[in-house]
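These notes are about the structure you will find just below.
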Number of protein chains: 2
Amino acid sequence: MTRKSTSRRPTSRDVAELAGVSQTTVSHVINDKQGGNIRISDETRRKVWEAVEALNYRPITAARTLRTDRSNLLAIIVPHMRTPFQPLLAAAIQEEAEKEDLEVIIYHTHDELQRERETVDALLSRGVDGLITQTYLLSTEDLDRLVQADIAVVIYGTNPTHPFVDNIMHDEVKAAEEVVSHLMKQGHRRIATIAGPQTTWGGRLRKQGYLNALKAHGLPIEDELIRETEFKRGNGAKAMGELLSLPEPPTAVFAANDILAVYALLYAIDSGLSVPDDVAIVGFDDIPEATIVRPSLTTVHKDIDLLGTTAVQMLIERMNSEELLPSRQKTLDCEIIYRESA
Amino acid sequence: MTRKSTSRRPTSRDVAELAGVSQTTVSHVINDKQGGNIRISDETRRKVWEAVEALNYRPITAARTLRTDRSNLLAIIVPHMRTPFQPLLAAAIQEEAEKEDLEVIIYHTHDELQRERETVDALLSRGVDGLITQTYLLSTEDLDRLVQADIAVVIYGTNPTHPFVDNIMHDEVKAAEEVVSHLMKQGHRRIATIAGPQTTWGGRLRKQGYLNALKAHGLPIEDELIRETEFKRGNGAKAMGELLSLPEPPTAVFAANDILAVYALLYAIDSGLSVPDDVAIVGFDDIPEATIVRPSLTTVHKDIDLLGTTAVQMLIERMNSEELLPSRQKTLDCEIIYRESA
DNA sequence: CTGTTAGCGCATTCAG
DNA sequence: CTGAATGCGCTAACAG
């Protein structure tokens with residue numbers, strides 16, 4: 001019968017013994033401590049590393065964390081991973097974190113407040129060093145608990161909500177305004193929007209941009225041209241169907257994200273309409289599907305890699321700062337990608 | 001000037017003091033220990049929980065891990081997150097892990113052997129309880145180190161490589177064979193494949209299925225109809241271009257994954273050909289783009305959620321087993337999704 | 001039914 | 001230039 005854990009794994013003390021030095025010295029060598037009254041001969045270093053190799057020694061993170069109160073863990077809280085955007089952001093964050101020798105732990109919330117609360121507890125227990133999240137449900141009290149526990153926090157996509165938490169946003173209002181203005185420049189005067197849920201920042205900001213554009217060009221705001229709906233596959237087609245069966249249908253549609261836009265576009269195509277001639281369509285996000293659909297989708301692109309690296313950099317600064325940094329804001333620009341659909 | 005860490009965070013000793021019990025009792029209550037010679041009165045429990053609430057106490061994972069040698073961490077190693085498949089698998093694993101109170105830590109390798117080696121070290125240091133990975137570069141020695149360290153390992157997508165590691169595979173050979181046979185049933189006799197790299201399991205197995213199907217139907221294997229290429233966007237179009245400019249071009253194409261298939265399809269469409277009339281196309285994976293492209297793509301679907309839950313379940317069994325379980329194999333079926341492209 | 005004691009593996013004073 | 005001693009916060013024997 002094969003038992004587990006046959007041989008105890010080596011500790012720094014074992015390394016010390018084999019190298020013929022003290023455990024302290026091993027610790028100093030491993031962590032490459034220099035200066036002050038710590039000075040280790042090259043000869044000693046060599047012996048230590050040899051022993052490390054010989055025993056296949058690897059320091060135990062838990063012990064180190066317990067001692068130093070640093071876990072080398074960067075947490076990200078994701079509302080839901082099954083979107084095109086989140087994994088890309090997670091990947092970008094991960095790649096940047098790697099460079100800083102941080103490991104990434106991911107928490108899901110499924111958009112549920114209850115889970116966000118639990119997640120905060122988990123972060124606290126786990127003693128993560130930092131948190132990057134796009135969540136919009138964390139209360140000021142939750143953030144307070146994290147800040148109290150010396151956890152650096154950077155939030156993406158919401159307005160500032162805590163005096164010691166950083167925020168990053170994309171200038172979505174401006175981008176939405178621009179892309180709608182683009183439709184006007186093409187001569188469209190009856191422009192609808194398939195807006196996202198007004199409970200989300202994305203939904204709100206993009207609708208605001210739409211309204212701004214109409215106002216700027218002196219066009220009337222007509223309720224029947226504004227369809228608010230969740231960011232879900234089916235909803236794009238449904239909203240498009242409703243818009244097209246209006247007595248006086250729009251000649252152009254601004255969808256608040258590409259999922260909605262793509263399905264709206266497919267609905268139009270599959271109904272035998274021509275895009276952009278019968279109806280022009282623009283989206284928001286620039287997901288991979290935007291390139292693949294025919295006609296390809298004119299949309300708003302965010303540099304997700306830049307977002308990820310920026311977030312990690314802000315986090316690192318906050319982590320490394322001795323003092324508690326006051327909240328900082330950073331706004332990133334979006335880029336309009338002109339394709340065939342408008 | 002605002003200093004960090006103003007007040008020390010409460011420990012179980014603080015809770016004990018406030019509740020008027022010993023620190024041991026707090027531990028017992030928190031971990032809901034019962035039976036044996038441990039028996040705690042309801043009254044005591046209540047007092048302890050009250051103190052926990054009052055102090056906002058949360059146990060420190062690092063200390064617990066150090067003591068118990070269990071980190072409650074499930075690691076996944078991902079070759080690269082920027083694919084449609086990986087995030088979905090990660091999400092499925094995460095959701096299942098959550099139910100088992102495991103937290104998920106993600107490591108990237110960018111398909112580099114060097115990083116896989118480093119990642120193994122990280123897993124060892126971090127003391128993760130289990131690992132699920134799709135990687136194909138981990139050597140038997142690497143796996144040995146993990147097994148020695150009592151880390152449960154489940155590998156997806158490769159053949160068994162270690163006597164104490166579990167494997168899950170999809171029956172990709174059979175699925176590829178079926179989908180190619182489907183093309184034959186449609187009357188196609190000249191069927192090409194845009195095969196994936198033969199260094200990957202996916203690439204190899206799917207090509208094998210293609211060859212099997214040809215043989216089973218007594219069709220000749222023609223080298224010019226077999227294009228091996230990396231799973232990258234551009235390559236699908238390129239391979240399709242080459243195939244279509246053959247003296248006698250194929251009437252149907254089996255692409256080894258949907259990325260290749262979609263771009264092959266777009267190439268055909270954009271060249272003015274009609275799909276499936278001029279050339280039929282089938283893919284593999286059923287990524288979201290497969291639904292969106294027109295004509296929509298006939299392809300092979302894998303139940304990723306099932307894969308995720310199965311992997312986690314196998315892992316849990318292995319983690320909870322006192323003895324070292326011998327390697328187990330599990331094969332999951334694929335499903336062919338018939339759409340418009342073939 | 002509850003408390004005392006010990007130690008997980010490491011990084012860090014402080015003494016030499 | 002190096003080593004001895006200490007304790008991070010927790011769980012698990014064992015003793016009452």
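Chain labels run A, B, ... following the order of the structure tokens; each chain numbers its residues from 1, and ligands are numbered from 1 in the order shown.
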
List every residue of range 9-58 of chain B that DSSP, applied to the backbone of this structure, places in alpha helix (DSSP H), and write the result as a VMD selection string. chain B and resid 12 to 19 23 to 30 42 to 55

Would you mind listing, as number ranges by chain, all residues of chain D that have at least one atom within 12 Å of chain B, where only C-alpha atoms (C1' of nucleotides) are what counts? D: 8-16

Selection above as a file: N, CA and C atoms (P, O5', C5', C4', C3', O3' and C1' of nucleotides), as a compact mmCIF listing (two decimals), in the first residue's frame:
```
# COMPACT_ATOMS: atom_id res chain seq x y z
P DC D 8 4.23 36.84 18.66
O5' DC D 8 3.61 37.04 17.21
C5' DC D 8 4.15 37.96 16.28
C4' DC D 8 3.93 37.42 14.87
C3' DC D 8 2.62 36.66 14.71
O3' DC D 8 1.63 37.54 14.19
C1' DC D 8 4.47 35.45 13.75
P DG D 9 0.32 37.90 15.02
O5' DG D 9 -0.53 36.58 14.80
C5' DG D 9 -0.98 36.26 13.49
C4' DG D 9 -1.50 34.85 13.50
C3' DG D 9 -2.64 34.60 14.48
O3' DG D 9 -3.74 34.13 13.73
C1' DG D 9 -0.98 32.91 14.63
P DC D 10 -5.05 33.56 14.32
O5' DC D 10 -4.79 32.00 14.27
C5' DC D 10 -4.70 31.38 12.99
C4' DC D 10 -4.08 30.01 13.15
C3' DC D 10 -4.97 29.00 13.85
O3' DC D 10 -5.65 28.24 12.84
C1' DC D 10 -2.67 28.85 14.54
P DT D 11 -6.84 27.29 13.31
O5' DT D 11 -6.05 25.96 13.71
C5' DT D 11 -5.39 25.23 12.67
C4' DT D 11 -4.70 24.04 13.29
C3' DT D 11 -5.62 22.99 13.89
O3' DT D 11 -5.07 21.75 13.47
C1' DT D 11 -4.04 23.66 15.51
P DA D 12 -5.86 20.41 13.64
O5' DA D 12 -4.96 19.69 14.74
C5' DA D 12 -3.57 19.51 14.46
C4' DA D 12 -2.93 18.85 15.65
C3' DA D 12 -3.77 17.72 16.25
O3' DA D 12 -2.87 16.75 16.75
C1' DA D 12 -3.47 19.38 17.86
P DA D 13 -3.25 15.19 16.48
O5' DA D 13 -3.11 14.39 17.85
C5' DA D 13 -3.21 15.03 19.03
C4' DA D 13 -1.90 14.90 19.82
C3' DA D 13 -2.06 14.01 21.04
O3' DA D 13 -0.82 13.48 21.47
C1' DA D 13 -2.04 16.32 21.64
P DC D 14 -0.83 12.24 22.50
O5' DC D 14 -1.13 12.96 23.88
C5' DC D 14 -0.21 13.96 24.34
C4' DC D 14 -0.83 14.71 25.50
C3' DC D 14 -1.52 13.82 26.55
O3' DC D 14 -0.94 14.10 27.79
C1' DC D 14 -2.84 15.68 26.03
P DA D 15 -1.19 13.09 29.04
O5' DA D 15 -1.36 14.18 30.19
C5' DA D 15 -0.89 15.52 29.97
C4' DA D 15 -1.78 16.49 30.73
C3' DA D 15 -2.39 15.90 32.01
O3' DA D 15 -2.26 16.88 33.03
C1' DA D 15 -4.10 16.77 30.63
P DG D 16 -2.44 16.50 34.52
O5' DG D 16 -3.98 16.73 34.78
C5' DG D 16 -4.34 17.92 35.42
C4' DG D 16 -5.67 18.37 34.93
C3' DG D 16 -6.82 18.13 35.91
O3' DG D 16 -7.10 19.34 36.56
C1' DG D 16 -7.46 17.92 33.63
```

Excluding Leu143 in chain B and residues on its chain fewer than 5 positions from it, collect all residues at most 9 Å away from it, counting only C-alpha atoms (C1' of nucleotides), and give them as an MDAnalysis selection string. chainID B and resid 120 138 148 153 161:162 164:165

Can you spit out the residues from that selection as a PDB file, in the first residue's frame, using N, CA and C atoms?
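Written file, part-v6.pdb:
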```pdb
ATOM      1  N   VAL B 120       6.359  25.023 -11.247  1.00  0.00           N
ATOM      2  CA  VAL B 120       6.382  23.891 -10.327  1.00  0.00           C
ATOM      3  C   VAL B 120       6.983  24.323  -8.995  1.00  0.00           C
ATOM      4  N   LEU B 138       5.106  19.412 -18.796  1.00  0.00           N
ATOM      5  CA  LEU B 138       5.570  18.932 -17.496  1.00  0.00           C
ATOM      6  C   LEU B 138       6.176  17.543 -17.643  1.00  0.00           C
ATOM      7  N   GLN B 148       5.372  13.865  -4.710  1.00  0.00           N
ATOM      8  CA  GLN B 148       6.139  13.719  -3.458  1.00  0.00           C
ATOM      9  C   GLN B 148       5.676  14.728  -2.418  1.00  0.00           C
ATOM     10  N   VAL B 153      -2.742  15.912  -8.506  1.00  0.00           N
ATOM     11  CA  VAL B 153      -2.620  16.441  -9.860  1.00  0.00           C
ATOM     12  C   VAL B 153      -3.597  15.761 -10.812  1.00  0.00           C
ATOM     13  N   THR B 161       1.077  10.078 -17.977  1.00  0.00           N
ATOM     14  CA  THR B 161       2.531  10.207 -17.950  1.00  0.00           C
ATOM     15  C   THR B 161       3.091   9.944 -16.568  1.00  0.00           C
ATOM     16  N   HIS B 162       2.209   9.671 -15.610  1.00  0.00           N
ATOM     17  CA  HIS B 162       2.702   9.436 -14.247  1.00  0.00           C
ATOM     18  C   HIS B 162       1.764   8.470 -13.542  1.00  0.00           C
ATOM     19  N   PHE B 164       0.779   8.226 -10.613  1.00  0.00           N
ATOM     20  CA  PHE B 164      -0.110   8.714  -9.555  1.00  0.00           C
ATOM     21  C   PHE B 164      -0.744  10.055  -9.912  1.00  0.00           C
ATOM     22  N   VAL B 165      -0.980  10.239 -11.189  1.00  0.00           N
ATOM     23  CA  VAL B 165      -1.621  11.457 -11.662  1.00  0.00           C
ATOM     24  C   VAL B 165      -2.798  11.063 -12.550  1.00  0.00           C
TER      25      VAL B 165
END
```

Who sits within 8 Å of Ala51 in chain A, only C-alpha atoms (C1' of nucleotides), same chain under 4 positions skipped, as a ChimeraX atom specification: /A:15-16,18-19,47,55

Which residues of chain B have any atom within 9 Å of an atom in chain A when counting only C-alpha atoms, and what is the closest pair of atoms for each, with the distance in Å to one decimal? Order the rows by chain and rising number and write it as a tab-separated table.
```
residue	atom	partner	partner_atom	distance
B:Met1	CA	A:Glu323	CA	7.3
B:Thr2	CA	A:Leu324	CA	5.6
B:Arg3	CA	A:Glu323	CA	5.2
B:Lys4	CA	A:Leu324	CA	5.7
B:Ser5	CA	A:Asp150	CA	6.0
B:Thr6	CA	A:Gln148	CA	7.5
B:Ser7	CA	A:Gln148	CA	8.0
B:Arg8	CA	A:Ala149	CA	8.8
B:Arg9	CA	A:Ala149	CA	7.4
B:Arg58	CA	A:Ser125	CA	5.7
B:Pro59	CA	A:Ser125	CA	5.6
B:Ile60	CA	A:Ser125	CA	4.8
B:Thr61	CA	A:Arg126	CA	5.2
B:Ala62	CA	A:Ala62	CA	4.7
B:Ala63	CA	A:Leu66	CA	5.9
B:Arg64	CA	A:Ala62	CA	8.5
B:Thr65	CA	A:Ala62	CA	6.2
B:Leu66	CA	A:Ala62	CA	5.6
B:Ser71	CA	A:Ala62	CA	8.4
B:His80	CA	A:Ala91	CA	8.1
B:Met81	CA	A:Ala91	CA	5.8
B:Arg82	CA	A:Leu88	CA	6.2
B:Thr83	CA	A:Pro87	CA	8.9
B:Pro84	CA	A:Pro84	CA	8.1
B:Gln86	CA	A:Pro87	CA	8.8
B:Pro87	CA	A:Pro87	CA	5.9
B:Leu88	CA	A:Arg82	CA	6.2
B:Ala90	CA	A:Met81	CA	8.3
B:Ala91	CA	A:Met81	CA	5.8
B:Gln94	CA	A:His108	CA	7.7
B:Glu95	CA	A:His108	CA	7.9
B:Glu98	CA	A:His108	CA	8.8
B:Glu103	CA	A:Tyr107	CA	7.5
B:Val104	CA	A:Ile105	CA	6.0
B:Ile105	CA	A:Ile105	CA	4.3
B:Ile106	CA	A:Val104	CA	6.0
B:Tyr107	CA	A:Val104	CA	7.4
B:His108	CA	A:Gln94	CA	7.6
B:Asp121	CA	A:Arg58	CA	7.0
B:Ala122	CA	A:Arg58	CA	8.6
B:Leu124	CA	A:Arg58	CA	7.0
B:Ser125	CA	A:Ile60	CA	4.7
B:Arg126	CA	A:Thr61	CA	5.1
B:Gly127	CA	A:Ile60	CA	7.1
B:Val147	CA	A:Lys4	CA	8.6
B:Gln148	CA	A:Ser5	CA	6.3
B:Ala149	CA	A:Ser5	CA	6.6
B:Asp150	CA	A:Ser5	CA	5.9
B:Val262	CA	A:Ile292	CA	7.8
B:Tyr263	CA	A:Ile292	CA	8.1
B:Leu266	CA	A:Ile292	CA	7.7
B:Pro288	CA	A:Glu289	CA	7.9
B:Glu289	CA	A:Glu289	CA	5.7
B:Ile292	CA	A:Val293	CA	6.3
B:Val293	CA	A:Val293	CA	5.5
B:Arg294	CA	A:Arg294	CA	7.3
B:Glu322	CA	A:Lys4	CA	7.2
B:Glu323	CA	A:Arg3	CA	5.2
B:Leu324	CA	A:Thr2	CA	5.7
B:Leu325	CA	A:Thr2	CA	8.2
```

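For chain C, the residues no farther than 8 Å from chain A when using only C-alpha atoms (C1' of nucleotides) are C:DG9, C:DC10, C:DA11.
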
I need the residues from that last selection saved to file as a PDB file, in the first residue's frame (with C-alpha atoms (C1' of nucleotides)), if you can.
```
ATOM      1  C1'  DG C   9       9.277  27.124   9.009  1.00  0.00           C
ATOM      2  C1'  DC C  10      10.787  31.199   8.472  1.00  0.00           C
ATOM      3  C1'  DA C  11      12.921  36.218   9.042  1.00  0.00           C
TER       4       DA C  11
END
```

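Proximity ranking of B:Leu297, B:Leu243, B:Ile168, B:Val48 relative to Val29 in chain B places B:Val48 first, based on only C-alpha atoms.
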
Quick one: DSSP strand (DSSP E or B) residues in range 28-97 of chain B, as a ChimeraX atom specification? /B:73-78

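Atom to atom, CA of Leu131 in chain B and CA of Asn72 in chain A stand 19.3 Å apart.
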